[in-house]
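Just below is one structure, and these are the notes that go with it.
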Amino acid sequence: MSHAIHGDEVPLTLEGEPPKTLGVLDQGALWANLAVSLLGFSGALFLIDPLGGAPLSLTAALVATVVGSLIGTTMVGLAAIPGTQTGKPAMVLLRGLFGARLSYIPTVLNIVQMIGWGAFELWVIAQGAQAIFGDTVPYAVWVIVAGVVTTVLSVWPLGAVRLIRRYITVLVIIAMIWFAVQFLGDAQPRTGGSWEAFAPAVDYVIALSVSWVPLAADFARHSRSSRAAFTGVVGGYTLAQVACLALGVYAVAIAGAQAVAADSTAVFAPFVAAPLGALFFAVLVLREADQSFANVYSTTVSLQNLMPRVDRRIISTVIGLLTIAIALVVDVTSYGAFLGVIGAVFVPMFAVLAVDYFLLGGAGRWNTDADAPARWSMLVPWAFGFAAYWLTTSTPTVAPWDGFWAGVRDAIGFTREPWMNGALGAAIVAAVTTLLIGLVRRRAARS
């Protein structure tokens, strides 16, 4: 066991050399499984009617799924490449962008969101199990069991990825095909709707994908090549997310949009009610553990940016226990708002990193040392992109926050057009600002 940890597994501390053992099939299987989420099925309701009163047509919803998935996964795929090239996890990579000390800011934000995601996933695993077995086994027991499995997988992360590729992916594909056949026969074809809410629907799908940007390098650093990492992310995640959300659209139609809006777990009923549904839905519930595993493991390596010499097995165990504790009291009523916040924070941050690394020569000078100097100027485009997201997005979150940005738009005379997209607006503003800062810096250096 010790040999597995030190030879074929992730190093125990940040100083260890990461093994390059994951091929394109490993990456593709991992990211395809991460894209299939039980939360994604109920989340199809946000896709269909992101504004709450302007539902999309079926064609518009499916196009928004494809467009949003391709945009979001391309961002994740590009974020994975520096991890492969440097061998560093995502938050350590940010030392090269912001400097060692300033990288603690996004690191803490990432830790918070990953712990939240991990708790969400334990919650949904327990809810899915109860949809199959009823209340015979208490909710808390399912949370604890799922949390223990999650923690074990996090201690042996590369072994978990290989397990997913060899055994889980095939079962998930069979289950998805089975439910697709059943739902297409049971659901009434969706009629009516419009393209009015297309932009916020794309925003929502991008947010689903781009929420993985902060951990892309955590797994890509073990990839055999940049091409394998990028192809696995974009190919695996896009195909699976489109299939997951499309299946969710039909599941919501069968369960009833009002029922799902009142209780997100109501979307599980059509799955369990289908012929052999309990068996195949159990496969999807079991597979959900890879989501909680990815979040706990990413939290672990993020914390290693702050505590590089602490054994990751200790960190994973502590984080696993924390997510269990949170999942025992958490709810997901603010799921859509949570995704909006993630998009606003990490989409512009990715854009800053991509421009600096790929376009401004950052790849040749990326400094991930513990004493990497602060780069305060890189906070400017990130902040501008964050503001641009909230100025242009149409996706509602919580009333006080949305009201604040409505006031900002009025104060500066900015009119948000229906075609505007928050994620793209944030990415473009952050990218252009980063490029301008880089060009000014180069000119100053020459003079």
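Order determines the names: the first chain of the structure tokens is A, the second B, and so forth; residues in each chain are numbered 1 upward, and ligands are numbered 1 upward as they are shown.
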
Looking only at helix (DSSP H, G or I) from DSSP on the backbone, list the matching residues of range 315-438 of chain A as a count of residues only.
89

When you look at range 389-393 of chain A with a cut-off of 8 Å (counting only C-alpha atoms), what residues show up, excluding the ones that are within fewer than 3 positions of it in the same chain? I need them as a ChimeraX atom specification.
/A:200,203,344,385-386,405-406,408-409,416-417,420-426

All residues 12 Å or closer to Asp263 in chain A, only C-alpha atoms, same chain fewer than 3 positions away omitted, as a VMD selection string
chain A and resid 39 42 to 43 45 127 252 255 to 260 266 to 269 331 to 333

Let's have the selection written as a PDB file, in the first residue's frame, with N, CA, C and O atoms.
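Listing of result-v4.pdb after writing:
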```pdb
ATOM      1  N   LEU A  39     -27.774  16.322  -9.617  1.00  0.00           N
ATOM      2  CA  LEU A  39     -28.182  17.722  -9.512  1.00  0.00           C
ATOM      3  C   LEU A  39     -28.469  18.300 -10.893  1.00  0.00           C
ATOM      4  O   LEU A  39     -29.297  19.183 -11.049  1.00  0.00           O
ATOM      5  N   SER A  42     -32.245  17.812 -12.023  1.00  0.00           N
ATOM      6  CA  SER A  42     -33.168  18.829 -11.518  1.00  0.00           C
ATOM      7  C   SER A  42     -32.774  20.203 -12.027  1.00  0.00           C
ATOM      8  O   SER A  42     -33.617  21.084 -12.226  1.00  0.00           O
ATOM      9  N   GLY A  43     -31.454  20.392 -12.282  1.00  0.00           N
ATOM     10  CA  GLY A  43     -30.980  21.679 -12.807  1.00  0.00           C
ATOM     11  C   GLY A  43     -31.486  21.982 -14.198  1.00  0.00           C
ATOM     12  O   GLY A  43     -31.400  23.130 -14.648  1.00  0.00           O
ATOM     13  N   LEU A  45     -34.343  22.337 -14.950  1.00  0.00           N
ATOM     14  CA  LEU A  45     -35.404  23.326 -14.776  1.00  0.00           C
ATOM     15  C   LEU A  45     -34.863  24.738 -14.951  1.00  0.00           C
ATOM     16  O   LEU A  45     -35.535  25.598 -15.540  1.00  0.00           O
ATOM     17  N   GLN A 127     -30.207  11.713  -1.027  1.00  0.00           N
ATOM     18  CA  GLN A 127     -31.557  11.883  -1.556  1.00  0.00           C
ATOM     19  C   GLN A 127     -31.853  10.853  -2.644  1.00  0.00           C
ATOM     20  O   GLN A 127     -32.955  10.302  -2.725  1.00  0.00           O
ATOM     21  N   VAL A 252     -37.902  16.307 -16.121  1.00  0.00           N
ATOM     22  CA  VAL A 252     -38.687  17.402 -15.561  1.00  0.00           C
ATOM     23  C   VAL A 252     -40.079  17.432 -16.184  1.00  0.00           C
ATOM     24  O   VAL A 252     -41.077  17.674 -15.498  1.00  0.00           O
ATOM     25  N   ALA A 255     -41.997  14.548 -14.506  1.00  0.00           N
ATOM     26  CA  ALA A 255     -42.270  14.802 -13.090  1.00  0.00           C
ATOM     27  C   ALA A 255     -43.157  16.022 -12.886  1.00  0.00           C
ATOM     28  O   ALA A 255     -43.904  16.100 -11.900  1.00  0.00           O
ATOM     29  N   GLY A 256     -43.087  16.979 -13.823  1.00  0.00           N
ATOM     30  CA  GLY A 256     -43.827  18.227 -13.696  1.00  0.00           C
ATOM     31  C   GLY A 256     -42.938  19.343 -13.200  1.00  0.00           C
ATOM     32  O   GLY A 256     -42.298  19.196 -12.149  1.00  0.00           O
ATOM     33  N   ALA A 257     -42.879  20.430 -13.965  1.00  0.00           N
ATOM     34  CA  ALA A 257     -41.982  21.527 -13.619  1.00  0.00           C
ATOM     35  C   ALA A 257     -42.308  22.115 -12.255  1.00  0.00           C
ATOM     36  O   ALA A 257     -41.409  22.471 -11.484  1.00  0.00           O
ATOM     37  N   GLN A 258     -43.598  22.225 -11.927  1.00  0.00           N
ATOM     38  CA  GLN A 258     -43.977  22.799 -10.633  1.00  0.00           C
ATOM     39  C   GLN A 258     -43.521  21.919  -9.479  1.00  0.00           C
ATOM     40  O   GLN A 258     -43.057  22.411  -8.442  1.00  0.00           O
ATOM     41  N   ALA A 259     -43.642  20.604  -9.664  1.00  0.00           N
ATOM     42  CA  ALA A 259     -43.217  19.679  -8.606  1.00  0.00           C
ATOM     43  C   ALA A 259     -41.713  19.771  -8.379  1.00  0.00           C
ATOM     44  O   ALA A 259     -41.240  19.776  -7.240  1.00  0.00           O
ATOM     45  N   VAL A 260     -40.930  19.870  -9.471  1.00  0.00           N
ATOM     46  CA  VAL A 260     -39.472  19.954  -9.350  1.00  0.00           C
ATOM     47  C   VAL A 260     -39.065  21.298  -8.751  1.00  0.00           C
ATOM     48  O   VAL A 260     -38.101  21.372  -7.985  1.00  0.00           O
ATOM     49  N   ALA A 266     -37.874  15.740  -6.656  1.00  0.00           N
ATOM     50  CA  ALA A 266     -39.016  15.153  -7.359  1.00  0.00           C
ATOM     51  C   ALA A 266     -38.630  14.659  -8.750  1.00  0.00           C
ATOM     52  O   ALA A 266     -39.303  13.793  -9.314  1.00  0.00           O
ATOM     53  N   VAL A 267     -37.541  15.190  -9.285  1.00  0.00           N
ATOM     54  CA  VAL A 267     -37.101  14.770 -10.611  1.00  0.00           C
ATOM     55  C   VAL A 267     -36.596  13.327 -10.596  1.00  0.00           C
ATOM     56  O   VAL A 267     -36.490  12.684 -11.646  1.00  0.00           O
ATOM     57  N   PHE A 268     -36.300  12.782  -9.422  1.00  0.00           N
ATOM     58  CA  PHE A 268     -35.814  11.403  -9.339  1.00  0.00           C
ATOM     59  C   PHE A 268     -36.933  10.390  -9.580  1.00  0.00           C
ATOM     60  O   PHE A 268     -36.665   9.247  -9.954  1.00  0.00           O
ATOM     61  N   ALA A 269     -38.191  10.789  -9.337  1.00  0.00           N
ATOM     62  CA  ALA A 269     -39.313   9.851  -9.423  1.00  0.00           C
ATOM     63  C   ALA A 269     -39.424   9.166 -10.785  1.00  0.00           C
ATOM     64  O   ALA A 269     -39.608   7.941 -10.842  1.00  0.00           O
ATOM     65  N   ASP A 331     -29.041  22.461   2.460  1.00  0.00           N
ATOM     66  CA  ASP A 331     -30.100  22.333   1.463  1.00  0.00           C
ATOM     67  C   ASP A 331     -29.609  22.968   0.175  1.00  0.00           C
ATOM     68  O   ASP A 331     -28.599  23.652   0.162  1.00  0.00           O
ATOM     69  N   VAL A 332     -30.302  22.703  -0.928  1.00  0.00           N
ATOM     70  CA  VAL A 332     -29.836  23.196  -2.233  1.00  0.00           C
ATOM     71  C   VAL A 332     -30.823  24.162  -2.866  1.00  0.00           C
ATOM     72  O   VAL A 332     -30.917  24.265  -4.079  1.00  0.00           O
ATOM     73  N   THR A 333     -31.544  24.901  -2.046  1.00  0.00           N
ATOM     74  CA  THR A 333     -32.528  25.817  -2.598  1.00  0.00           C
ATOM     75  C   THR A 333     -31.876  26.956  -3.366  1.00  0.00           C
ATOM     76  O   THR A 333     -32.510  27.573  -4.224  1.00  0.00           O
TER      77      THR A 333
END
```

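Taking CA of Ala370 in chain A as the reference point, CA of Gly87 in chain A is found at 15.1 Å.
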
Applying 12 Å and only C-alpha atoms, which residues near range 226-230 of chain A remain after dropping the ones on its own chain fewer than 6 positions away? List them as a PyMOL selection string.
chain A and resi 20-31+73-87+216-220+236-238

For range 285-296 of chain A: contacts at 9 Å, only C-alpha atoms, fewer than 4 positions along chain excluded, given as a PyMOL selection string
chain A and resi 30+33-38+113-122+124-126+128-129+146-147+149-154+157+160-161+164+168-169+172+215+280-281+300-301+316+319-320+323

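In this model, the gap between CA of Tyr139 in chain A and CA of Thr299 in chain A comes to 24.5 Å.
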
Check the smallest atom-to-atom distance from each of A:Phe46, A:Ala274, A:Gly413, A:Gly40 to Ala261 in chain A using only C-alpha atoms, then report the winner.
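Nearest candidate to Ala261 in chain A out of A:Phe46, A:Ala274, A:Gly413, A:Gly40: A:Phe46.
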
Near Met307 in chain A, within 9 Å and counting only C-alpha atoms, which residues show up once chain neighbours fewer than 4 positions away are dropped, as a PyMOL selection string?
chain A and resi 13-14+302-303

Nearest to Asp49 in chain A: which of A:Ala354, A:Val67, A:Val202, A:Ile174 is it, counting only C-alpha atoms?
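Closest to Asp49 in chain A of all the choices is A:Val202.
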
Measuring between only C-alpha atoms, which one of A:Ile132, A:Ala251, A:Ile111, A:Ile206 shows the shortest distance to Ala180 in chain A?
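For Ala180 in chain A, the nearest of the candidates is A:Ala251.
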
Hey, which bits of range 180-251 of chain A sit within 8 Å of range 60-66 of chain A, and for each residue what's the closest pair of atoms and how far apart in Å (one decimal), counting only C-alpha atoms, rows by chain and increasing number, as a tab-separated table?
```
residue	atom	partner	partner_atom	distance
A:Ser194	CA	A:Ala60	CA	7.1
A:Trp195	CA	A:Ala60	CA	5.8
A:Phe198	CA	A:Ala64	CA	6.4
A:Ala199	CA	A:Ala64	CA	7.9
A:Ala201	CA	A:Ala64	CA	6.1
A:Val202	CA	A:Ala64	CA	5.0
A:Val205	CA	A:Thr65	CA	6.1
A:Thr238	CA	A:Val66	CA	7.6
A:Val242	CA	A:Thr65	CA	5.9
A:Leu245	CA	A:Thr65	CA	7.3
A:Ala246	CA	A:Leu62	CA	6.9
```

Residue selection dump (N, CA, C and O atoms) as a tab-separated table (two decimals), in the first residue's frame:
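Just written: selection26.tsv:
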```tsv
chain	number	residue	atom	x	y	z
A	194	SER	N	-39.89	30.04	-26.26
A	194	SER	CA	-39.27	31.02	-27.15
A	194	SER	C	-37.76	30.99	-26.96
A	194	SER	O	-37.21	30.15	-26.26
A	195	TRP	N	-37.09	31.94	-27.61
A	195	TRP	CA	-35.64	32.10	-27.47
A	195	TRP	C	-35.29	33.28	-26.56
A	195	TRP	O	-34.13	33.65	-26.43
A	198	PHE	N	-32.55	32.80	-23.96
A	198	PHE	CA	-31.44	31.97	-24.45
A	198	PHE	C	-30.12	32.34	-23.77
A	198	PHE	O	-29.37	31.47	-23.34
A	199	ALA	N	-29.82	33.66	-23.67
A	199	ALA	CA	-28.55	34.10	-23.09
A	199	ALA	C	-28.38	33.64	-21.65
A	199	ALA	O	-27.35	33.07	-21.29
A	201	ALA	N	-29.80	31.14	-20.24
A	201	ALA	CA	-29.70	29.68	-20.26
A	201	ALA	C	-28.28	29.25	-20.59
A	201	ALA	O	-27.73	28.32	-19.98
A	202	VAL	N	-27.66	29.94	-21.56
A	202	VAL	CA	-26.27	29.64	-21.90
A	202	VAL	C	-25.37	29.96	-20.70
A	202	VAL	O	-24.44	29.22	-20.38
A	205	VAL	N	-25.51	27.06	-18.28
A	205	VAL	CA	-24.76	25.88	-18.73
A	205	VAL	C	-23.25	26.13	-18.63
A	205	VAL	O	-22.49	25.25	-18.23
A	238	THR	N	-18.31	17.54	-22.53
A	238	THR	CA	-19.34	18.11	-23.40
A	238	THR	C	-20.39	17.07	-23.75
A	238	THR	O	-21.60	17.31	-23.62
A	242	VAL	N	-24.29	17.41	-22.25
A	242	VAL	CA	-25.42	17.57	-23.17
A	242	VAL	C	-26.42	16.44	-22.95
A	242	VAL	O	-27.64	16.67	-22.88
A	245	LEU	N	-28.25	16.95	-19.40
A	245	LEU	CA	-29.25	18.01	-19.37
A	245	LEU	C	-30.45	17.69	-20.27
A	245	LEU	O	-31.59	18.00	-19.94
A	246	ALA	N	-30.18	17.06	-21.42
A	246	ALA	CA	-31.28	16.65	-22.30
A	246	ALA	C	-32.18	15.64	-21.60
A	246	ALA	O	-33.42	15.71	-21.65
```
